[in-house]
Amino acid sequence: MSKNIQAIRGMNDILPEQTPLWRYLEDSVAGLLDGYGYRQIRMPVVEFTDLFKRSIGEVTDIVEKEMYTFADRNGDSLTLRPEGTASCVRAVQEHGLIGGGQPQKLWYIGPMFRHERPQKGRYRQFHQIGVELFNFDGPDVDAELIVLTWRLWGILGIRDAVQLELNSLGSSDDRARYREALVEYLSARFEQLDEDSQRRLSSNPLRILDSKNPDTQALLVDAPKLADYLSEESRVHFAGLKARLDAAHIPYVLNPKLVRGLDYYGKTVFEWTTDKLGAQGTVCAGGRYDGLVEQLGGKPTPAVGFAMGVERLVLLIETLNKVPAELARQVDVYLAAFGEAAELAAVQLSEQLRDAVPGLRLVVNAGAGSFKSQLKKADKSGALFALILGEDELNRQVVGVKPLRGDAEQQTVAWDALSAHLAACLAQA
Ligand code: ATP
Ligand code: MG
């Protein structure tokens, strides 16, 4: 006997019990972003490998060890996208959406792929909702991104559980000067660094700042601070952002070690973190990447964005018991018909109801069955009301409306009054 084939480790099915919460989250975000005038873009999940190497950076965890890269049948090296920013930049450039300096406020949602060690909140296929703004150079849009995520946390009821961490990485010149100072400091302590950090000292020393190794972290306490190397322009930008967050009463903590795992960030970087999910505590992360478009062959284009992890937000909403109660019910009305003539009438009646009551969630019994078995299915569906249509009801052009929750009495309602009756009942429920 052959073994059943299972899903790939770290790649999850989202089952019907979970999809209502996913849709609620996705719809909440889509509605919010509509309200700020952001427009959705959809990119392919596969790109040329070089796109990610050139944008994310060769010496990053993602490119060094997390990408799903394979040869296409014609020999091209392709990669399942590990994130959305690079694809989005490619797309807007390819379609001439930013090259003339046009402002763009875009968002996307979809699966991302990274070969990481699967654990709670960390998967190999996961989903991000990302936002990218192009051709805005001021701190006002950096602030807007944070303000709108803050609003989202309010809508989702998770505001109290998240904290904003903020840092400025300065301009690339600022970072070059800082890098020199940091390398000098760490070179003198080379033997005390962990292996990864020793390697990064020559390739990508700033990444050492977010090493998870406690000994390395201890060593960094007295290291030079990036904040002391910011140019006047970077300082003013950062001050402008902080002033706007203060004006919006959004609390934040400054985290000088926040450097982000991708090379393309500069100036503003931020993360929304929670202590409710264990080690995988970052639910949303982003920052400014003014250099990336040019790095990918385009004109210099200021840009800023963020991505949030859908799985982690779902986990957080569940952990905090913030799943809206109305998500538990997916069916309003269950129509049970008995006998061939009633079944035929049910087709017509149900379609009339759908016309008359927009948004009605009506399940029509399939597969016939006895009175008892159909009502059992009606109850199991979670519906609030069962409609009963038998031979007698058919002859009188009525239906029995049986409340399935609570102990209200069954009523008999004429067909032409049914839609108004149901709409009223559901409005009360
Ligand atoms: P982490 O430090 O947790 O690895 P990251 O810095 O690699 O995160 P980003 O590339 O900034 O993450 O992605 C943005 C968000 O996407 C993260 O804050 C997180 O919520 C989510 N995310 C990233 N990687 C994963 C993953 N493997 N599984 C689930 N969610 C993820
Ligand atoms: Mg990561």
# chains A, B, ... in the order shown; residues from 1 in each chain; ligands from 1

call {"tool": "residues_near_ligand", "arguments": {"ligand": "ligand 2", "cutoff": "9 Å", "atoms": "only C-alpha atoms and all ligand atoms", "output": "PyMOL selection string"}}
result
chain A and resi 61-62+66+114+116+122+261

call {"tool": "residues_near_ligand", "arguments": {"ligand": "ligand 1", "cutoff": "7 Å", "atoms": "only C-alpha atoms and all ligand atoms", "output": "MDAnalysis selection string"}}
result
chainID A and resid 83 114 116 121:128 260:261 280:286 307:312

call {"tool": "select_by_dssp", "arguments": {"residues": "region 153-276 of chain A", "states": "strand (DSSP E or B)", "output": "list in words"}}
result
Val162, Gln163, Leu164, Glu165, Leu166, Asn167, Ser168, Val253, Leu254, Gly266, Lys267, Thr268, Val269, Phe270, Glu271, Trp272, Thr273 and Thr274 of chain A

call {"tool": "write_last_selection", "arguments": {"atoms": "N, CA, C and O atoms", "output": "PDB file, in the first residue's frame"}}
result
ATOM      1  N   VAL A 162       0.645  45.368  21.275  1.00  0.00           N
ATOM      2  CA  VAL A 162       1.781  45.611  20.387  1.00  0.00           C
ATOM      3  C   VAL A 162       2.526  46.878  20.783  1.00  0.00           C
ATOM      4  O   VAL A 162       1.972  47.794  21.392  1.00  0.00           O
ATOM      5  N   GLN A 163       3.793  46.878  20.436  1.00  0.00           N
ATOM      6  CA  GLN A 163       4.656  48.011  20.752  1.00  0.00           C
ATOM      7  C   GLN A 163       5.431  48.412  19.503  1.00  0.00           C
ATOM      8  O   GLN A 163       5.860  47.553  18.730  1.00  0.00           O
ATOM      9  N   LEU A 164       5.583  49.705  19.319  1.00  0.00           N
ATOM     10  CA  LEU A 164       6.310  50.214  18.150  1.00  0.00           C
ATOM     11  C   LEU A 164       7.774  50.446  18.505  1.00  0.00           C
ATOM     12  O   LEU A 164       8.086  51.181  19.435  1.00  0.00           O
ATOM     13  N   GLU A 165       8.650  49.805  17.753  1.00  0.00           N
ATOM     14  CA  GLU A 165      10.084  50.052  17.911  1.00  0.00           C
ATOM     15  C   GLU A 165      10.574  50.808  16.690  1.00  0.00           C
ATOM     16  O   GLU A 165      10.207  50.493  15.559  1.00  0.00           O
ATOM     17  N   LEU A 166      11.412  51.794  16.960  1.00  0.00           N
ATOM     18  CA  LEU A 166      11.758  52.762  15.928  1.00  0.00           C
ATOM     19  C   LEU A 166      13.258  53.014  15.923  1.00  0.00           C
ATOM     20  O   LEU A 166      13.893  53.037  16.976  1.00  0.00           O
ATOM     21  N   ASN A 167      13.803  53.211  14.721  1.00  0.00           N
ATOM     22  CA  ASN A 167      15.217  53.582  14.637  1.00  0.00           C
ATOM     23  C   ASN A 167      15.439  54.329  13.331  1.00  0.00           C
ATOM     24  O   ASN A 167      14.601  54.270  12.431  1.00  0.00           O
ATOM     25  N   SER A 168      16.546  55.041  13.257  1.00  0.00           N
ATOM     26  CA  SER A 168      16.941  55.618  11.976  1.00  0.00           C
ATOM     27  C   SER A 168      18.282  55.036  11.585  1.00  0.00           C
ATOM     28  O   SER A 168      19.226  55.033  12.385  1.00  0.00           O
ATOM     29  N   VAL A 253       9.141  53.083  21.225  1.00  0.00           N
ATOM     30  CA  VAL A 253      10.429  53.035  21.918  1.00  0.00           C
ATOM     31  C   VAL A 253      11.521  53.089  20.861  1.00  0.00           C
ATOM     32  O   VAL A 253      11.391  52.500  19.777  1.00  0.00           O
ATOM     33  N   LEU A 254      12.566  53.838  21.163  1.00  0.00           N
ATOM     34  CA  LEU A 254      13.686  53.906  20.235  1.00  0.00           C
ATOM     35  C   LEU A 254      14.561  52.679  20.478  1.00  0.00           C
ATOM     36  O   LEU A 254      14.915  52.378  21.615  1.00  0.00           O
ATOM     37  N   GLY A 266      17.163  52.349   4.745  1.00  0.00           N
ATOM     38  CA  GLY A 266      17.919  53.514   5.186  1.00  0.00           C
ATOM     39  C   GLY A 266      16.957  54.464   5.871  1.00  0.00           C
ATOM     40  O   GLY A 266      15.742  54.310   5.745  1.00  0.00           O
ATOM     41  N   LYS A 267      17.494  55.429   6.600  1.00  0.00           N
ATOM     42  CA  LYS A 267      16.646  56.334   7.388  1.00  0.00           C
ATOM     43  C   LYS A 267      15.681  55.531   8.264  1.00  0.00           C
ATOM     44  O   LYS A 267      16.108  54.683   9.034  1.00  0.00           O
ATOM     45  N   THR A 268      14.371  55.783   8.113  1.00  0.00           N
ATOM     46  CA  THR A 268      13.400  55.168   9.029  1.00  0.00           C
ATOM     47  C   THR A 268      13.351  53.638   8.941  1.00  0.00           C
ATOM     48  O   THR A 268      13.222  53.078   7.849  1.00  0.00           O
ATOM     49  N   VAL A 269      13.434  52.980  10.085  1.00  0.00           N
ATOM     50  CA  VAL A 269      13.056  51.558  10.168  1.00  0.00           C
ATOM     51  C   VAL A 269      12.176  51.386  11.401  1.00  0.00           C
ATOM     52  O   VAL A 269      12.354  52.087  12.400  1.00  0.00           O
ATOM     53  N   PHE A 270      11.211  50.487  11.301  1.00  0.00           N
ATOM     54  CA  PHE A 270      10.341  50.258  12.454  1.00  0.00           C
ATOM     55  C   PHE A 270       9.835  48.823  12.482  1.00  0.00           C
ATOM     56  O   PHE A 270       9.811  48.128  11.461  1.00  0.00           O
ATOM     57  N   GLU A 271       9.463  48.404  13.663  1.00  0.00           N
ATOM     58  CA  GLU A 271       8.841  47.085  13.846  1.00  0.00           C
ATOM     59  C   GLU A 271       7.740  47.213  14.885  1.00  0.00           C
ATOM     60  O   GLU A 271       7.916  47.901  15.890  1.00  0.00           O
ATOM     61  N   TRP A 272       6.645  46.548  14.629  1.00  0.00           N
ATOM     62  CA  TRP A 272       5.605  46.379  15.639  1.00  0.00           C
ATOM     63  C   TRP A 272       5.805  44.999  16.251  1.00  0.00           C
ATOM     64  O   TRP A 272       5.753  43.997  15.528  1.00  0.00           O
ATOM     65  N   THR A 273       6.050  44.957  17.543  1.00  0.00           N
ATOM     66  CA  THR A 273       6.335  43.675  18.187  1.00  0.00           C
ATOM     67  C   THR A 273       5.328  43.408  19.300  1.00  0.00           C
ATOM     68  O   THR A 273       4.689  44.323  19.813  1.00  0.00           O
ATOM     69  N   THR A 274       5.213  42.121  19.637  1.00  0.00           N
ATOM     70  CA  THR A 274       4.343  41.740  20.739  1.00  0.00           C
ATOM     71  C   THR A 274       5.080  40.732  21.615  1.00  0.00           C
ATOM     72  O   THR A 274       5.938  39.991  21.115  1.00  0.00           O
TER      73      THR A 274
END

call {"tool": "closest_residue", "arguments": {"among": "A:Gln295, A:Pro111, A:Pro256, A:Gly138", "to": "Leu241 (chain A)", "atoms": "only C-alpha atoms"}}
result
A:Gly138

call {"tool": "closest_atom_pairs", "arguments": {"of": "region 138-181 of chain A", "to": "region 16-27 of chain A", "cutoff": "12 Å", "atoms": "only C-alpha atoms", "output": "Markdown table"}}
result
| residue | atom | partner | partner_atom | distance |
| --- | --- | --- | --- | --- |
| A:Leu152 | CA | A:Leu25 | CA | 9.6 |
| A:Trp153 | CA | A:Leu25 | CA | 10.7 |
| A:Ile155 | CA | A:Leu25 | CA | 9.8 |
| A:Leu156 | CA | A:Leu25 | CA | 7.9 |
| A:Gly157 | CA | A:Leu25 | CA | 11.4 |

call {"tool": "write_last_selection", "arguments": {"atoms": "N, CA and C atoms", "output": "CSV table (one decimal), in the first residue's frame"}}
result
chain,number,residue,atom,x,y,z
A,152,LEU,N,-5.2,50.1,12.4
A,152,LEU,CA,-5.6,48.7,12.2
A,152,LEU,C,-5.6,48.0,13.5
A,153,TRP,N,-4.5,48.2,14.3
A,153,TRP,CA,-4.5,47.5,15.6
A,153,TRP,C,-5.7,47.8,16.4
A,155,ILE,N,-8.7,48.6,15.2
A,155,ILE,CA,-9.9,47.9,14.5
A,155,ILE,C,-9.9,46.5,15.0
A,156,LEU,N,-8.7,45.9,15.0
A,156,LEU,CA,-8.6,44.5,15.3
A,156,LEU,C,-8.6,44.2,16.8
A,157,GLY,N,-8.6,45.2,17.6
A,157,GLY,CA,-8.6,45.1,19.1
A,157,GLY,C,-7.3,44.6,19.7

call {"tool": "select_by_dssp", "arguments": {"residues": "region 158-250 of chain A", "states": "helix (DSSP H, G or I)", "output": "PyMOL selection string"}}
result
chain A and resi 159-161+172-187+190-192+195-203+205-210+214-220+226-229+232-247

call {"tool": "atom_distance", "arguments": {"atom1": "CA of Lys120 (chain A)", "atom2": "CA of Ser28 (chain A)"}}
result
23.7 Å

call {"tool": "decode", "arguments": {"residues": "region 121-146 of chain A", "atoms": "N, CA and C atoms", "output": "CSV table (one decimal), in the first residue's frame"}}
result
chain,number,residue,atom,x,y,z
A,121,GLY,N,4.5,30.5,14.4
A,121,GLY,CA,4.7,31.9,13.9
A,121,GLY,C,5.8,32.0,12.9
A,122,ARG,N,6.4,30.8,12.5
A,122,ARG,CA,7.5,30.8,11.5
A,122,ARG,C,7.3,29.6,10.6
A,123,TYR,N,7.0,29.9,9.3
A,123,TYR,CA,6.6,28.9,8.4
A,123,TYR,C,7.5,29.0,7.1
A,124,ARG,N,7.3,28.0,6.2
A,124,ARG,CA,8.1,28.1,5.0
A,124,ARG,C,7.3,28.8,3.9
A,125,GLN,N,6.0,28.5,3.9
A,125,GLN,CA,5.1,29.4,3.1
A,125,GLN,C,4.3,30.2,4.1
A,126,PHE,N,4.4,31.5,4.1
A,126,PHE,CA,3.6,32.3,5.0
A,126,PHE,C,3.1,33.5,4.1
A,127,HIS,N,2.2,34.3,4.7
A,127,HIS,CA,1.6,35.4,4.0
A,127,HIS,C,1.9,36.7,4.5
A,128,GLN,N,2.1,37.6,3.6
A,128,GLN,CA,2.3,39.0,4.0
A,128,GLN,C,1.3,39.9,3.4
A,129,ILE,N,1.0,41.0,4.1
A,129,ILE,CA,0.3,42.1,3.5
A,129,ILE,C,1.3,43.2,3.5
A,130,GLY,N,1.6,43.7,2.3
A,130,GLY,CA,2.7,44.7,2.2
A,130,GLY,C,2.2,46.0,1.6
A,131,VAL,N,2.8,47.1,2.0
A,131,VAL,CA,2.5,48.4,1.5
A,131,VAL,C,3.8,49.1,1.0
A,132,GLU,N,3.7,49.7,-0.2
A,132,GLU,CA,4.9,50.4,-0.7
A,132,GLU,C,4.5,51.7,-1.3
A,133,LEU,N,5.2,52.8,-0.8
A,133,LEU,CA,5.0,54.1,-1.4
A,133,LEU,C,6.2,54.6,-2.2
A,134,PHE,N,6.0,55.2,-3.3
A,134,PHE,CA,7.1,55.6,-4.2
A,134,PHE,C,6.9,57.1,-4.4
A,135,ASN,N,8.1,57.8,-4.5
A,135,ASN,CA,8.2,59.2,-4.8
A,135,ASN,C,7.6,60.1,-3.8
A,136,PHE,N,7.7,59.7,-2.5
A,136,PHE,CA,7.5,60.6,-1.4
A,136,PHE,C,8.7,60.5,-0.6
A,137,ASP,N,9.3,61.7,-0.3
A,137,ASP,CA,10.6,61.7,0.4
A,137,ASP,C,10.5,62.2,1.8
A,138,GLY,N,9.4,62.7,2.2
A,138,GLY,CA,9.3,63.3,3.6
A,138,GLY,C,9.0,62.3,4.6
A,139,PRO,N,9.2,62.8,5.9
A,139,PRO,CA,8.8,61.9,7.0
A,139,PRO,C,7.3,61.8,7.2
A,140,ASP,N,6.5,62.6,6.5
A,140,ASP,CA,5.1,62.6,6.6
A,140,ASP,C,4.5,61.2,6.2
A,141,VAL,N,5.0,60.7,5.1
A,141,VAL,CA,4.5,59.4,4.7
A,141,VAL,C,5.0,58.2,5.6
A,142,ASP,N,6.2,58.4,6.1
A,142,ASP,CA,6.7,57.4,7.1
A,142,ASP,C,5.7,57.3,8.3
A,143,ALA,N,5.3,58.6,8.7
A,143,ALA,CA,4.4,58.6,9.8
A,143,ALA,C,3.0,58.1,9.4
A,144,GLU,N,2.6,58.4,8.2
A,144,GLU,CA,1.3,57.8,7.8
A,144,GLU,C,1.2,56.3,7.8
A,145,LEU,N,2.3,55.7,7.4
A,145,LEU,CA,2.3,54.2,7.4
A,145,LEU,C,2.1,53.7,8.9
A,146,ILE,N,2.8,54.4,9.8
A,146,ILE,CA,2.7,53.9,11.2
A,146,ILE,C,1.3,54.3,11.7
